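A.B. asks: Sharing my_file36.json below, JSON, C-alpha atoms:
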[["chain", "number", "residue", "atom", "x", "y", "z"],
["A", 14, "MET", "CA", 8.63, -18.51, -4.49],
["A", 15, "ASN", "CA", 8.39, -16.61, -7.76],
["A", 16, "PHE", "CA", 6.12, -13.68, -8.61],
["A", 17, "SER", "CA", 3.51, -15.78, -10.42],
["A", 18, "GLU", "CA", 3.09, -17.97, -7.34],
["A", 19, "LEU", "CA", 2.45, -14.88, -5.21],
["A", 20, "GLU", "CA", -0.26, -13.75, -7.60],
["A", 21, "GLN", "CA", -2.04, -17.11, -7.70],
["A", 22, "ILE", "CA", -5.60, -16.69, -6.52],
["A", 23, "GLN", "CA", -6.78, -19.07, -3.82],
["A", 24, "ILE", "CA", -10.40, -19.85, -2.92],
["A", 25, "THR", "CA", -11.94, -21.49, 0.10],
["A", 26, "TYR", "CA", -15.39, -21.73, 1.66],
["A", 27, "TYR", "CA", -16.48, -21.33, 5.26],
["A", 28, "LYS", "CA", -19.96, -22.25, 6.53],
["A", 29, "THR", "CA", -21.45, -19.43, 8.63],
["A", 30, "PRO", "CA", -24.80, -19.27, 10.46],
["A", 31, "ILE", "CA", -26.17, -17.08, 7.62],
["A", 32, "GLY", "CA", -24.76, -18.72, 4.52],
["A", 33, "THR", "CA", -21.51, -19.97, 3.08],
["A", 34, "ALA", "CA", -18.66, -17.46, 2.88],
["A", 35, "LYS", "CA", -16.62, -17.69, -0.30],
["A", 36, "ILE", "CA", -13.15, -16.33, 0.45],
["A", 37, "ILE", "CA", -10.76, -15.31, -2.32],
["A", 38, "GLY", "CA", -7.24, -14.03, -1.89],
["A", 39, "ASN", "CA", -3.54, -14.68, -2.13],
["A", 40, "GLU", "CA", -0.30, -13.65, -0.44],
["A", 41, "ASN", "CA", -1.18, -10.02, -1.27],
["A", 42, "GLY", "CA", -4.30, -10.17, 0.91],
["A", 43, "ILE", "CA", -7.99, -10.97, 0.92],
["A", 44, "SER", "CA", -9.66, -9.63, -2.22],
["A", 45, "SER", "CA", -13.18, -10.96, -1.70],
["A", 46, "VAL", "CA", -15.43, -12.45, 0.95],
["A", 47, "SER", "CA", -18.96, -13.00, -0.31],
["A", 48, "VAL", "CA", -21.94, -14.93, 0.93],
["A", 49, "ILE", "CA", -23.50, -17.61, -1.22],
["A", 50, "ASP", "CA", -26.56, -19.72, -0.61],
["A", 51, "GLU", "CA", -25.32, -22.89, -2.27],
["A", 52, "LYS", "CA", -24.18, -25.77, -0.11],
["A", 53, "ILE", "CA", -20.51, -26.32, -0.84],
["A", 54, "ASP", "CA", -18.50, -29.39, 0.06],
["A", 55, "ASN", "CA", -15.39, -27.81, 1.51],
["A", 56, "SER", "CA", -13.51, -30.90, 2.52],
["A", 57, "GLN", "CA", -10.31, -29.72, 0.84],
["A", 58, "GLU", "CA", -7.55, -28.13, 2.86],
["A", 59, "ILE", "CA", -7.75, -24.38, 3.38],
["A", 60, "PRO", "CA", -4.97, -22.56, 1.49],
["A", 61, "GLU", "CA", -2.35, -21.17, 3.87],
["A", 62, "CYS", "CA", -2.96, -17.55, 2.79],
["A", 63, "LEU", "CA", -6.69, -17.84, 3.70],
["A", 64, "LYS", "CA", -6.42, -19.71, 7.03],
["A", 65, "ASP", "CA", -6.26, -16.57, 9.16],
["A", 66, "CYS", "CA", -9.36, -15.16, 7.44],
["A", 67, "VAL", "CA", -11.33, -18.35, 8.13],
["A", 68, "LEU", "CA", -10.15, -18.35, 11.76],
["A", 69, "GLN", "CA", -11.08, -14.71, 12.30],
["A", 70, "LEU", "CA", -14.52, -15.17, 10.72],
["A", 71, "GLU", "CA", -15.08, -18.20, 12.96],
["A", 72, "GLU", "CA", -14.10, -16.12, 16.00],
["A", 73, "TYR", "CA", -16.45, -13.33, 14.87],
["A", 74, "PHE", "CA", -19.42, -15.68, 14.55],
["A", 75, "ASN", "CA", -18.56, -17.24, 17.94],
["A", 76, "LYS", "CA", -18.50, -13.75, 19.54],
["A", 77, "LYS", "CA", -14.79, -14.01, 20.31],
["A", 78, "ARG", "CA", -13.73, -11.25, 17.88],
["A", 79, "THR", "CA", -14.93, -7.69, 17.34],
["A", 80, "ASP", "CA", -12.13, -6.45, 15.07],
["A", 81, "PHE", "CA", -10.43, -8.09, 12.13],
["A", 82, "ASN", "CA", -6.69, -8.00, 11.64],
["A", 83, "LEU", "CA", -6.21, -9.15, 8.06],
["A", 84, "LYS", "CA", -4.29, -7.96, 5.05],
["A", 85, "LEU", "CA", -7.00, -6.72, 2.68],
["A", 86, "ASN", "CA", -6.65, -6.25, -1.05],
["A", 87, "PRO", "CA", -10.06, -5.15, -2.39],
["A", 88, "LYS", "CA", -10.29, -4.25, -6.06],
["A", 89, "GLY", "CA", -12.16, -1.04, -6.75],
["A", 90, "THR", "CA", -11.93, 2.54, -7.90],
["A", 91, "GLU", "CA", -10.11, 5.17, -5.86],
["A", 92, "PHE", "CA", -13.47, 6.46, -4.60],
["A", 93, "GLN", "CA", -14.72, 2.96, -3.70],
["A", 94, "ASN", "CA", -11.53, 2.26, -1.76],
["A", 95, "LYS", "CA", -11.94, 5.56, 0.10],
["A", 96, "VAL", "CA", -15.51, 4.57, 1.05],
["A", 97, "TRP", "CA", -14.44, 1.07, 2.10],
["A", 98, "ASN", "CA", -11.60, 2.47, 4.23],
["A", 99, "GLU", "CA", -14.12, 4.72, 5.99],
["A", 100, "LEU", "CA", -16.36, 1.70, 6.62],
["A", 101, "LEU", "CA", -13.49, 0.09, 8.53],
["A", 102, "LYS", "CA", -13.79, 2.93, 11.07],
["A", 103, "VAL", "CA", -17.38, 2.08, 12.05],
["A", 104, "PRO", "CA", -16.98, 0.24, 15.38],
["A", 105, "TYR", "CA", -18.37, -3.20, 16.13],
["A", 106, "GLY", "CA", -21.90, -2.96, 17.51],
["A", 107, "LYS", "CA", -22.45, 0.58, 16.16],
["A", 108, "THR", "CA", -24.22, 1.90, 13.10],
["A", 109, "ARG", "CA", -23.83, 4.98, 10.95],
["A", 110, "SER", "CA", -26.25, 6.41, 8.40],
["A", 111, "TYR", "CA", -25.42, 6.83, 4.73],
["A", 112, "LEU", "CA", -25.61, 10.60, 5.34],
["A", 113, "GLU", "CA", -23.12, 10.38, 8.24],
["A", 114, "GLN", "CA", -20.88, 8.26, 6.05],
["A", 115, "SER", "CA", -21.01, 10.90, 3.30],
["A", 116, "LYS", "CA", -20.15, 13.63, 5.82],
["A", 117, "LYS", "CA", -17.17, 11.61, 7.08],
["A", 118, "LEU", "CA", -15.96, 11.44, 3.48],
["A", 119, "GLY", "CA", -16.31, 15.22, 3.16],
["A", 120, "ASP", "CA", -19.21, 15.47, 0.70],
["A", 121, "VAL", "CA", -22.84, 15.33, 1.84],
["A", 122, "LYS", "CA", -23.96, 15.43, -1.80],
["A", 123, "ALA", "CA", -22.13, 12.14, -2.48],
["A", 124, "ILE", "CA", -24.67, 10.12, -0.49],
["A", 125, "ARG", "CA", -25.85, 8.10, -3.53],
["A", 126, "ALA", "CA", -22.29, 7.44, -4.68],
["A", 127, "VAL", "CA", -21.40, 6.35, -1.14],
["A", 128, "ALA", "CA", -24.40, 4.02, -1.01],
["A", 129, "PHE", "CA", -23.45, 2.60, -4.42],
["A", 130, "ALA", "CA", -19.83, 2.03, -3.29],
["A", 131, "ASN", "CA", -21.09, 0.35, -0.10],
["A", 132, "GLY", "CA", -23.11, -1.98, -2.30],
["A", 133, "LYS", "CA", -19.99, -2.88, -4.26],
["A", 134, "ASN", "CA", -18.01, -3.77, -1.12],
["A", 135, "PRO", "CA", -16.20, -7.01, -2.06],
["A", 136, "ILE", "CA", -15.20, -8.06, 1.47],
["A", 137, "TRP", "CA", -18.36, -9.06, 3.37],
["A", 138, "ILE", "CA", -18.42, -8.54, 7.16],
["A", 139, "ILE", "CA", -14.71, -7.65, 7.41],
["A", 140, "ILE", "CA", -15.38, -4.31, 5.68],
["A", 141, "PRO", "CA", -18.60, -3.75, 7.65],
["A", 142, "CYS", "CA", -21.05, -2.22, 5.17],
["A", 143, "HIS", "CA", -23.83, -3.93, 7.16],
["A", 144, "ARG", "CA", -23.32, -1.21, 9.81],
["A", 145, "ILE", "CA", -24.58, 1.52, 7.46],
["A", 146, "ILE", "CA", -28.31, 2.22, 7.75],
["A", 147, "GLY", "CA", -30.85, 4.77, 6.56],
["A", 148, "SER", "CA", -31.05, 8.15, 8.33],
["A", 149, "ASP", "CA", -34.39, 7.06, 9.78],
["A", 150, "GLY", "CA", -32.85, 3.89, 11.20],
["A", 151, "SER", "CA", -34.20, 1.66, 8.43],
["A", 152, "LEU", "CA", -32.23, -1.28, 7.13],
["A", 153, "THR", "CA", -31.81, -0.35, 3.51],
["A", 154, "GLY", "CA", -29.63, -1.64, 0.75],
["A", 155, "TYR", "CA", -27.67, -4.75, 1.57],
["A", 156, "ALA", "CA", -26.32, -6.99, -1.18],
["A", 157, "GLY", "CA", -26.47, -10.07, 1.07],
["A", 158, "GLY", "CA", -30.15, -9.50, 1.82],
["A", 159, "ILE", "CA", -31.80, -7.35, 4.48],
["A", 160, "TRP", "CA", -32.37, -10.41, 6.71],
["A", 161, "ARG", "CA", -28.58, -10.95, 6.85],
["A", 162, "LYS", "CA", -27.98, -7.29, 7.66],
["A", 163, "LYS", "CA", -30.51, -7.54, 10.50],
["A", 164, "TRP", "CA", -28.90, -10.76, 11.75],
["A", 165, "LEU", "CA", -25.40, -9.23, 11.72],
["A", 166, "LEU", "CA", -26.51, -6.08, 13.56],
["A", 167, "GLU", "CA", -28.32, -8.15, 16.19],
["A", 168, "HIS", "CA", -25.27, -10.44, 16.47],
["A", 169, "GLU", "CA", -23.06, -7.43, 17.19],
["A", 170, "ASN", "CA", -25.44, -5.62, 19.50],
["A", 171, "PRO", "CA", -28.35, -7.81, 20.61],
["A", 172, "SER", "CA", -29.83, -5.60, 23.33],
["A", 173, "THR", "CA", -30.12, -2.40, 21.26],
["A", 174, "GLN", "CA", -31.00, -3.87, 17.89],
["A", 175, "GLN", "CA", -33.78, -6.16, 19.07],
["A", 176, "SER", "CA", -35.78, -3.12, 20.18],
["A", 177, "LEU", "CA", -35.65, -1.63, 16.66],
["A", 178, "PHE", "CA", -37.49, -4.48, 14.97]]
Mind turning the file's structure into structure tokens?

C.D. replies:
Amino acid sequence: MNFSELEQIQITYYKTPIGTAKIIGNENGISSVSVIDEKIDNSQEIPECLKDCVLQLEEYFNKKRTDFNLKLNPKGTEFQNKVWNELLKVPYGKTRSYLEQSKKLGDVKAIRAVAFANGKNPIWIIIPCHRIIGSDGSLTGYAGGIWRKKWLLEHENPSTQQSLF
């Protein structure tokens, strides 16, 4: 396999309970998982480099997986990548406030920048920006829609989250 083949971007779609996941990546890792509302006919074969991502998302939605083990290759600034790496440390079924996230990154004053970087997270669910909430417990700022954020939090921790809403 030559270098250009390694760089070739692959795309597949996976139907989830809350929308269709559009998965983009290559042999270097997953660069994007986004949710789209369109109905996509995904009868084509899943590219080899994306099969594990589809399988792990399926396991997540079927409550058989709480952690992802995928090679990730998100495209962002150095700061965004730092924020996204910190998001990976928020455990399944737990939440953290934007303020706590800023403290973990070493700069309480960076709360807006952290929130902005969370909003630019290119790898839906796997980099769990849905686990970041307002300091007052409110479900603020989620690119996929607040209803999806609520669904994901309840999916991960049904007993605790149901009492919040």

A.B. asks: Leaving out range 96-111 of chain A and any residue of its chain fewer than 5 positions from it, which residues lie within 8 Å of it when counting all atoms listed in the file, given as an MDAnalysis selection string?

C.D. replies: chainID A and resid 79:80 117:118 124 127:128 130:131 134 139:142 144:148 150 166 169:170

A.B. asks: Limited to C-alpha atoms, could you put the picked residues into a file as an mmCIF file, in the coordinates of the input?

C.D. replies:
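This is the output file part-v5.cif:
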data_model
loop_
_atom_site.group_PDB
_atom_site.id
_atom_site.type_symbol
_atom_site.label_atom_id
_atom_site.label_comp_id
_atom_site.auth_asym_id
_atom_site.auth_seq_id
_atom_site.Cartn_x
_atom_site.Cartn_y
_atom_site.Cartn_z
ATOM 1 C CA THR A 79 -14.930 -7.690 17.340
ATOM 2 C CA ASP A 80 -12.130 -6.450 15.070
ATOM 3 C CA LYS A 117 -17.170 11.610 7.080
ATOM 4 C CA LEU A 118 -15.960 11.440 3.480
ATOM 5 C CA ILE A 124 -24.670 10.120 -0.490
ATOM 6 C CA VAL A 127 -21.400 6.350 -1.140
ATOM 7 C CA ALA A 128 -24.400 4.020 -1.010
ATOM 8 C CA ALA A 130 -19.830 2.030 -3.290
ATOM 9 C CA ASN A 131 -21.090 0.350 -0.100
ATOM 10 C CA ASN A 134 -18.010 -3.770 -1.120
ATOM 11 C CA ILE A 139 -14.710 -7.650 7.410
ATOM 12 C CA ILE A 140 -15.380 -4.310 5.680
ATOM 13 C CA PRO A 141 -18.600 -3.750 7.650
ATOM 14 C CA CYS A 142 -21.050 -2.220 5.170
ATOM 15 C CA ARG A 144 -23.320 -1.210 9.810
ATOM 16 C CA ILE A 145 -24.580 1.520 7.460
ATOM 17 C CA ILE A 146 -28.310 2.220 7.750
ATOM 18 C CA GLY A 147 -30.850 4.770 6.560
ATOM 19 C CA SER A 148 -31.050 8.150 8.330
ATOM 20 C CA GLY A 150 -32.850 3.890 11.200
ATOM 21 C CA LEU A 166 -26.510 -6.080 13.560
ATOM 22 C CA GLU A 169 -23.060 -7.430 17.190
ATOM 23 C CA ASN A 170 -25.440 -5.620 19.500
#

A.B. asks: Work out how far CA of Lys88 in chain A is from CA of Ser45 in chain A, in Å to one decimal.

C.D. replies: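 Distance between the two atoms: 8.5 Å.
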
A.B. asks: Counting all atoms listed in the file, which of A:Lys28, A:Phe74, A:Gly132, A:His143 gets nearest to Ile49 in chain A?

C.D. replies: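 Counting all atoms listed in the file, the residue closest to Ile49 in chain A is A:Lys28.
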
A.B. asks: Find the spatial neighbours of Leu83 in chain A, counting all atoms listed in the file, within a cut-off of 9 Å - ignore same-chain residues fewer than 3 positions away - and output them as a list of chain:residue names.

C.D. replies: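 The neighbour list is A:Gly42, A:Ile43, A:Asp65, A:Cys66, A:Gln69, A:Ile139.
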
A.B. asks: Please produce a file of those selected residues containing C-alpha atoms, as a PDB file, in the coordinates of the input.

C.D. replies:
ATOM      1  CA  GLY A  42      -4.300 -10.170   0.910  1.00  0.00           C
ATOM      2  CA  ILE A  43      -7.990 -10.970   0.920  1.00  0.00           C
ATOM      3  CA  ASP A  65      -6.260 -16.570   9.160  1.00  0.00           C
ATOM      4  CA  CYS A  66      -9.360 -15.160   7.440  1.00  0.00           C
ATOM      5  CA  GLN A  69     -11.080 -14.710  12.300  1.00  0.00           C
ATOM      6  CA  ILE A 139     -14.710  -7.650   7.410  1.00  0.00           C
TER       7      ILE A 139
END
